[in-house]
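Here's the structure, in structure tokens; my notes come after.
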Amino acid sequence: MQLLQLSKKFFNCPIALCRGHASENPELPEALKAKGIRFLGPPAEAMKALGDKIGSTILAQAAGVPTLPWSGSGVAISFGECKGNIPQDIYDKACIFSLDEAIESCQRIGYPIMLKASWGGGGKGIRKVHSDDEVRQVFKQIQGEVPGSPIFAMKLAPASRHLEVQLIADRNGNVASLFTRDCSVQRRHQKIIEEGPAVAAPQEMLRDMERCARALAKSVGYVGAATVEYLYLIEEKTYCFLELNPRLQVEHPVTEGITDTNIPSIQLMIGMAIPLWRIPGMRATFSKDPNGTDYFDTNTTPQRLPQKHVVAVRITSENAGDGFKPTAGRVDEVVFKPTPEVWGYFSIKGGGGIHEYSDSQFGHLFASGPSREAAIRAMVVALRDVRVRGEIHTIIDYAADMLQSPEFVNNKIHTGWLDSRIAANVKAERPPWHLSVIGAAAVRAHEASACKAAEYLGYLSKGQLPPPDISLVYFQDDLVIDDIKYHVKVIRRGPFTFNVSVNNTAVDVVARKLGDGGFLLQVDGESHVLHTEEEAMGTRLVMDTLSCIIAKEADPSRLVALSPGKLVRQLIKDGEHVEQGQVFAEVEVMKMMMPLLCPAAGVIHFQVTEGAALSAGELIARMDLDDPSKVKRAEQFNGELPPLGPPQVYSDRVDHRFTQALNAAKMIMAGYNYPVDDILEELVSCLDHPALPLLQWHQEFSFVESRMPPGLAAKLEAVTAEHEQALGGSTADRSNTEFPGRQLIGIIKGAVEAAPENEQAMLQQQLEPLARVAKAHSRGPEEYARSIVQEVLSMFAGVEEKFQSSSGLTTEQEMIDALRKSYPNDHQAVLDLVISHQGLNHKMELVKRILSTLVLPNPVPYRALLRRFAALSSKATAEVALRAQQLLEVSLLADLRAVVARALSGLDMFAEADGKLSPTVSANVGSIFSPQPSGDQAGAAAAAGTLTGMLGGSTVVPRKATVREGVFSGLNSLMAPRSVSPHRHSSTGGAITPAVEHKIETLVAAPAAVEEALASLIVDNQDKYLALQYRALVTYVKRIYYPFLLCEPQVNQHGSMLAASWMFDDPRTAETSAKRQNVGAFLVLTSLKELSKGLQVVAAAISSLASQAGVHPSGSILHVAVCNGSDALAVSDGAAKLLATGGPLLGCEAEESFSSVELITSSGPRSPTATPKQITQVVAAAVKDASSLLKAMKVGTVSVLAAAALMPVRNGFVWDMEEQAYKFEPYLRQVNRVKANN
């Protein structure tokens, strides 16, 4: 409306600006004039003469402007002669009307040739040909693309530059040239990069081009803006006329930038009949006073030379990585930030799109600088900041790389340069291959997990059971990038953290989804913005401003459309054979004609007809391949990822490391995957660090310090400063320095109480982070560590308790359905529980390591959790439940041992005479000459489940469920009330009484697991009278052999050793011809060095007992107990040599540390500090060294007890008849109630 109002004010009529292809139609100014509208452009005669490519070339030849050899060479007529209306007969002389004429004309001119339609443009109706066959192939295509247009042929310039002269002509016959532009960077004869002023040709030649252009425009009476295009032949150093565009072109801002003019405003003033020499902008260009009125000749007056250089880049929706093929589709985002050096415009915005019938150009950027180099730099920086996201491709990355290429920087380009780069398959800069692989893998895993999670929640919301095999943590995929296939495996570390591995090399990456659908990728300490877009041929991945294609596996038998368009013609008949690389059809995409090539040889079968509209990915034709084996496949990648760091730059401070380790442990409990050993080692290391509480305090203190009441911060800092100073002392001092948590809590509590009543709540809330840290560490580092362990283990119990068989639920699907009903409004909670449960195996690894590393040393504080673990009933959690049960027994072992020791120390079951101890026969045990039980009696006894695993060939009988894990089951009569001090008897014992006899039988037959308590009393050598040790030994033997014991153990003291022997009914020989009676023995030593000496004592005892019973022992059972002491594991020289070999002994697992000198010295390792494996190795060496003695004694089984940190370690060895050697038997590590052989 403003334009119409202004036009009426200054022109007394409406106006029409000369822009766009429609302005080249000579009928337009005539039609506008008939309606009283002034056309701001050339008159119809001049437009008709110059707007037509053939006509303008004829007039240029008449005006003496050089031209290339063409089909109209020699045809000339001046504008004055024809008044712009070239006679038809003269015009026809330059035209080609048939295929034969085209071939004849091309042969006369000489190949290569450009065949053009005079009315064409934008790449339509123009083909390059090199032979008669190519002319035959493309001639009809040119006719079809621009129907009715005259066609001509022109010699293809070998190596040339496309240079332009910008003209301005007024209505008074004045013509001015505004210097030149260089538009040599083209693809398919369409401009991509423009710059000005032109510097490719000598200045004298450039001025001559301007002179010829002005003369041509003046000769036809041209009015308005025009562009005269030339080809500058690089080798010949001459130029030729190409065409004249009778309109204002889109690259005119290049000229405006170097001349400081406004060409559209000049056009308006020309429409007002203002001469050029009166227009301010034009006067300034000729170094005249802009406000002056004096006349000057625009043809002879020198102009002010440009002081700047301008580079322009057209932004098009083309796939530069695939021959600049046009693309269409949705546009999600367009981001461009202009700077003082760069400006531009875009015809679309986010939420819009480019359809398949529009022009591919949708933006134009212009960069200026004091020099060509500066302008190029500014443009490259601007292009790197432009972001266009959506279905379309752009040339932005390619253009930035092209501007930095040596050829462009050194100005060594030509009109075929870009096409040669396309033919050579020169690609734009891509993201580094490893970042592309890592980013694509992480994004696909994220999207796959999100899709599966949505599917899972969908099932739950419908009241349906989800499939049981939905995995949300583990993924694998094949990614094809640049014909290389990468097999990737992805493990979720958490909701946003992924571990991507390629060929056993892995890296952690963080991928968070952005609001625009993209991802923020963190890898190797750097951040990248990543977007993906699905396409017909794969997934386009855009990382920052660089892009690549994650291709689908190529299938050459399917020929599909890569972008929307129209199938113009089929160049091969349906069912015909085509060769690889042969053009089989043409499609029109965004006003461009694109040939389609066959990827392989075979027979083609079209699936769509000519003229059909195509969508991206639509099947055009199928191929019956000649040889499918020759199809090129992606090459498998066999390399490794480069060394990369963590996704984020983490601080090495202990508190930060602790936070990361604890979060990783929690992620494991949430069902995700982290390396258990590394995480636990880091967690333990941080918990052991004395500075952890202080650093955590400082972290919170820094946030609230500025909001504290006056003086409070100083008080708190004084306390922590003293603690910090103590930490700076010696290592010994630091280990005993405790964080002053209680003192800090007192100060905080006092400050809150001293505050005004109306401010107390707010102050308490502000100080809550500090109070939380102080309270957490107020009870010392051990208690804090326990709270952390309990927090992690509680997560395990809280999830797995929901997946145990209960209330008739037996399958996991039934349990999930029960959870769905329990959480009707929070299905995400159900999904989180399922994800956690799916990671059960990995969680159990961490739980078992925590139980062994952090709980085992002191299991008492964890009893509540251990009871929850022991109650887990599913098969999958059985190992943890069993371990928890064992730890519960360990946690109660000290209490149980106290009960047993109290009972034994008060039993008057022994009499002391002459300084020696002798047993008193129990009323329930017969003599060695008592009759054997009948078969039925033996079977009944066996059914009672009595002998231990040492008898072999047995099955475990589970203990009964009892109160407090069964540890005290059946011992109530032995446990005095806590308020009453139990009566203690002399440690040397006294006469036996019925009450004491009852206690003996209680210990022997009780369901409670008293074996370990008895064993610990046996290996404890702190009883100087040996009475308690003596009694524990006898009770231990009677218990594990009950009810097969035939007589009381015969116990004798030999210096520091105790030796016992007994007869028992061996159920292993039931229903065999062998005698049932067998001999057992027990040897208590203070050191394994005494084993040989002790065996001699035991051998005599066994022989004596066997002779009394009249039996010949074979396969006897020998128990050995090594008391706790500094020399307990000291061995003989022979055993020490065996240990020095470092290999496994008697089939037990080797312990590498035993190859060191300090562990095989005569003193040996201390039993309480040695590991179970170390103890096993030492015992195995001692047994092997004494094998000859044991064999001579006909010992079939050897069981050795040795003191350890928490409970005695038991190792068993069995005689192997085939190998004639003793072999380690892991089953004999345990003492369980067993059944005899049937």
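Ordering of the structure tokens sets the chain letters (A, B, ...); residue numbers start at 1 within each chain; ligands are numbered from 1 in the order shown.
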What's around A:His689 at 12 Å? Count only C-alpha atoms, leave out sequence neighbours fewer than 6 positions away in its own chain, and write the answer as a list in words. Arg653, Val654, Asp655, Arg657, Phe658, Glu682, Leu683, Leu695, Gln696, Leu727, Thr731, Arg734, Ser735, Asn736, Thr737, Glu738, Phe739, Pro781, Glu782 and Ala785 of chain A
With the cut-off set at 6 Å and counting only C-alpha atoms, tabulate each residue of stretch 314-354 of chain A with an atom at most that distance from an atom of stretch 389-403 of chain A, showing the nearest atom pair and its distance in Å to one decimal, ordered by chain and increasing number, as JSON lines.
```
{"residue": "A:Thr316", "atom": "CA", "partner": "A:Thr394", "partner_atom": "CA", "distance": 5.7}
{"residue": "A:Ser317", "atom": "CA", "partner": "A:Thr394", "partner_atom": "CA", "distance": 4.5}
{"residue": "A:Glu318", "atom": "CA", "partner": "A:Thr394", "partner_atom": "CA", "distance": 5.1}
{"residue": "A:Asn319", "atom": "CA", "partner": "A:His393", "partner_atom": "CA", "distance": 5.1}
{"residue": "A:Ala320", "atom": "CA", "partner": "A:Ile395", "partner_atom": "CA", "distance": 5.5}
{"residue": "A:Thr327", "atom": "CA", "partner": "A:Ile392", "partner_atom": "CA", "distance": 5.4}
{"residue": "A:Ala328", "atom": "CA", "partner": "A:Ile392", "partner_atom": "CA", "distance": 5.4}
{"residue": "A:Gly329", "atom": "CA", "partner": "A:Glu391", "partner_atom": "CA", "distance": 5.2}
{"residue": "A:Arg330", "atom": "CA", "partner": "A:Glu391", "partner_atom": "CA", "distance": 5.1}
{"residue": "A:Val331", "atom": "CA", "partner": "A:Gly390", "partner_atom": "CA", "distance": 4.3}
{"residue": "A:Asp332", "atom": "CA", "partner": "A:Gly390", "partner_atom": "CA", "distance": 4.8}
{"residue": "A:Glu333", "atom": "CA", "partner": "A:Arg389", "partner_atom": "CA", "distance": 5.1}
```
Next, the residues of the selection above should be written as a short mmCIF file (atom, residue, chain, number, x, y, z; two decimals), in the first residue's frame with C-alpha atoms.
```
data_model
loop_
_atom_site.label_atom_id
_atom_site.label_comp_id
_atom_site.auth_asym_id
_atom_site.auth_seq_id
_atom_site.Cartn_x
_atom_site.Cartn_y
_atom_site.Cartn_z
CA THR A 316 20.55 -24.06 -1.46
CA SER A 317 18.70 -27.18 -0.37
CA GLU A 318 21.02 -29.56 -2.18
CA ASN A 319 22.97 -32.58 -1.07
CA ALA A 320 26.57 -31.58 -1.71
CA THR A 327 16.28 -32.01 -1.73
CA ALA A 328 12.89 -30.97 -0.46
CA GLY A 329 11.05 -31.33 2.79
CA ARG A 330 10.41 -29.95 6.23
CA VAL A 331 12.59 -27.27 7.83
CA ASP A 332 12.64 -27.37 11.62
CA GLU A 333 15.08 -24.60 12.41
#
```
Alpha helix (DSSP H) residues, from DSSP on the backbone, in stretch 168-346 of chain A, as a ChimeraX atom specification: /A:203-219,252-259,263-271,280-285
Based on the backbone DSSP call, show me all residues of stretch 318-359 of chain A assigned strand (DSSP E), as a ChimeraX atom specification. /A:318-319,325-326,329-335,342-346,353-354
Counting only C-alpha atoms, which residues in stretch 636-748 of chain A sit no more than 12 Å from stretch 820-835 of chain A? For each one, give the nearest pair of atoms and the distance in Å, sorted by chain then residue number, as CSV.
```
residue,atom,partner,partner_atom,distance
A:Met667,CA,A:Ile835,CA,10.7
A:Ile668,CA,A:Ile835,CA,10.5
A:Met669,CA,A:Ile835,CA,9.7
A:Ala670,CA,A:Ile835,CA,6.9
A:Gly671,CA,A:Ile835,CA,5.3
A:Tyr672,CA,A:Ile835,CA,7.9
A:Asn673,CA,A:Ile835,CA,11.1
```
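When atom CA of A:Asn858 is paired with atom CA of A:Val684, their separation reads 15.1 Å.
Taking atom CA of A:Ala1013 and atom CA of A:Ala1202 as endpoints, the distance between them is 13.3 Å.
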Just the residues within 8 Å of A:Lys1194, please, counting only C-alpha atoms, with nothing from its chain fewer than 6 positions along; format it as a PyMOL selection string. chain A and resi 1113-1116
Mind writing the picked residues with all heavy atoms as a PDB file, in the first residue's frame?
```pdb
ATOM      1  N   PRO A1113      41.655-100.954  60.545  1.00  0.00           N
ATOM      2  CA  PRO A1113      41.161 -99.690  59.969  1.00  0.00           C
ATOM      3  C   PRO A1113      41.661 -99.491  58.531  1.00  0.00           C
ATOM      4  O   PRO A1113      42.807 -99.772  58.213  1.00  0.00           O
ATOM      5  CB  PRO A1113      41.719 -98.621  60.912  1.00  0.00           C
ATOM      6  CG  PRO A1113      42.901 -99.263  61.541  1.00  0.00           C
ATOM      7  CD  PRO A1113      42.570-100.727  61.677  1.00  0.00           C
ATOM      8  N   SER A1114      40.764 -98.992  57.695  1.00  0.00           N
ATOM      9  CA  SER A1114      41.111 -98.647  56.311  1.00  0.00           C
ATOM     10  C   SER A1114      40.218 -97.489  55.894  1.00  0.00           C
ATOM     11  O   SER A1114      39.001 -97.546  56.056  1.00  0.00           O
ATOM     12  CB  SER A1114      40.912 -99.851  55.389  1.00  0.00           C
ATOM     13  OG  SER A1114      41.214 -99.503  54.050  1.00  0.00           O
ATOM     14  N   GLY A1115      40.821 -96.451  55.402  1.00  0.00           N
ATOM     15  CA  GLY A1115      40.039 -95.257  55.050  1.00  0.00           C
ATOM     16  C   GLY A1115      39.632 -94.459  56.252  1.00  0.00           C
ATOM     17  O   GLY A1115      38.539 -93.889  56.305  1.00  0.00           O
ATOM     18  N   SER A1116      40.517 -94.439  57.258  1.00  0.00           N
ATOM     19  CA  SER A1116      40.209 -93.698  58.476  1.00  0.00           C
ATOM     20  C   SER A1116      40.063 -92.209  58.185  1.00  0.00           C
ATOM     21  O   SER A1116      40.554 -91.680  57.179  1.00  0.00           O
ATOM     22  CB  SER A1116      41.311 -93.913  59.514  1.00  0.00           C
ATOM     23  OG  SER A1116      41.467 -95.286  59.782  1.00  0.00           O
TER      24      SER A1116
END
```
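Between atom CA of A:Phe179 and atom CA of A:Leu276 the interatomic distance comes to 15.7 Å.
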